[in-house]
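**Q** Shown below is the structure under consideration.
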Amino acid sequence: RDVQVNVAYRWFLGLSLTDKVPDASTLSANRIRRFKDSDIYQNIFDEIVLQAIKRKLVGGHTLYTDSTHLKANANKKHFQKVEVE
């Protein structure tokens, strides 16, 4: 939806104001069907990260996660406290 109304996104994607925006389901379908046995998405992601490192936009010194909580199969009565820097 944002690409349809945001000129900056259109410029980044090389779309004019009158170009039709590809439907999101097209990208999803391609990922699932056309590129199922391909590593093209991983290659694209890796290239973007390499370009960001080259331009010093990221340094790779800090790791962030999405903080997703998963139920663990762990013994709540047996654990070790470990202090880290």
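The way I read the labels, and the way they are meant: chains A, B, ... in the order of the structure tokens, residue 1 as the first residue of every chain, and ligand 1 as the first ligand shown, with later ones counted on from there.
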As an MDAnalysis selection string, please: the residues near Val21 in chain A (cut-off 7 Å, only C-alpha atoms, same-chain neighbours under 2 positions excluded).

**A** chainID A and resid 4 19 23

**Q** Could those residues be written to a file, using all heavy atoms, as a short mmCIF file (atom, residue, chain, number, x, y, z; two decimals), in the first residue's frame?

**A**
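Saved result, out-v4.cif, follows:
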data_model
loop_
_atom_site.label_atom_id
_atom_site.label_comp_id
_atom_site.auth_asym_id
_atom_site.auth_seq_id
_atom_site.Cartn_x
_atom_site.Cartn_y
_atom_site.Cartn_z
N GLN A 4 2.17 2.47 -3.32
CA GLN A 4 1.17 3.10 -4.18
C GLN A 4 1.08 4.61 -3.94
O GLN A 4 0.77 5.36 -4.86
CB GLN A 4 -0.20 2.46 -3.96
CG GLN A 4 -0.26 1.02 -4.42
CD GLN A 4 -1.57 0.35 -4.06
OE1 GLN A 4 -2.37 0.90 -3.31
NE2 GLN A 4 -1.78 -0.84 -4.58
N ASP A 19 2.91 4.31 -13.17
CA ASP A 19 3.17 2.87 -13.29
C ASP A 19 2.35 2.09 -12.28
O ASP A 19 2.13 2.53 -11.15
CB ASP A 19 4.66 2.56 -13.04
CG ASP A 19 5.54 2.98 -14.19
OD1 ASP A 19 5.03 3.15 -15.31
OD2 ASP A 19 6.76 3.15 -13.95
N ASP A 23 1.39 -6.43 -7.37
CA ASP A 23 0.65 -6.88 -6.21
C ASP A 23 1.58 -7.69 -5.30
O ASP A 23 2.41 -8.45 -5.77
CB ASP A 23 -0.53 -7.76 -6.66
CG ASP A 23 -1.47 -8.07 -5.52
OD1 ASP A 23 -2.38 -7.26 -5.27
OD2 ASP A 23 -1.26 -9.12 -4.88
#

**Q** Provide the CA of Gly14 in chain A to CA of Val58 in chain A distance in Å, to one decimal place.

**A** 24.7 Å

**Q** Quote the spacing between CA of Phe45 in chain A and CA of Val5 in chain A in Å to one decimal place.

**A**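 These two atoms are separated by 25.2 Å.
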
**Q** I'd like to know which of A:Asn75, A:Ser67, A:Val84, A:Val3 is closest to Ala24 in chain A, using only C-alpha atoms.

**A** A:Val3

**Q** Do you know which residues are at most 12 Å from Ile48 in chain A counting only C-alpha atoms, after dropping those on the same chain fewer than 6 positions away, and could you put them as a list in words?

**A** Tyr41, Gln42, Lys54, Arg55, Leu57 and Val58 of chain A

**Q** With N, CA and C atoms retained, could you export that selection as a PDB file, in the first residue's frame?

**A**
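part_19.pdb, freshly written:
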ATOM      1  N   TYR A  41      16.822 -15.210  -3.026  1.00  0.00           N
ATOM      2  CA  TYR A  41      16.466 -14.237  -1.998  1.00  0.00           C
ATOM      3  C   TYR A  41      17.594 -14.068  -0.989  1.00  0.00           C
ATOM      4  N   GLN A  42      18.260 -15.155  -0.644  1.00  0.00           N
ATOM      5  CA  GLN A  42      19.403 -15.071   0.269  1.00  0.00           C
ATOM      6  C   GLN A  42      20.534 -14.284  -0.380  1.00  0.00           C
ATOM      7  N   LYS A  54      29.962  -1.874   3.073  1.00  0.00           N
ATOM      8  CA  LYS A  54      30.930  -1.141   2.242  1.00  0.00           C
ATOM      9  C   LYS A  54      30.755   0.373   2.387  1.00  0.00           C
ATOM     10  N   ARG A  55      29.509   0.815   2.519  1.00  0.00           N
ATOM     11  CA  ARG A  55      29.226   2.247   2.655  1.00  0.00           C
ATOM     12  C   ARG A  55      29.177   2.700   4.114  1.00  0.00           C
ATOM     13  N   LEU A  57      27.255   1.884   6.495  1.00  0.00           N
ATOM     14  CA  LEU A  57      25.925   2.099   7.062  1.00  0.00           C
ATOM     15  C   LEU A  57      25.671   1.137   8.213  1.00  0.00           C
ATOM     16  N   VAL A  58      26.362   0.003   8.189  1.00  0.00           N
ATOM     17  CA  VAL A  58      26.306  -0.972   9.281  1.00  0.00           C
ATOM     18  C   VAL A  58      27.716  -1.465   9.541  1.00  0.00           C
TER      19      VAL A  58
END

**Q** Residues of range 19-82 of chain A in helix (DSSP H, G or I) according to DSSP, as a PyMOL selection string?

**A** chain A and resi 24-34+40-54
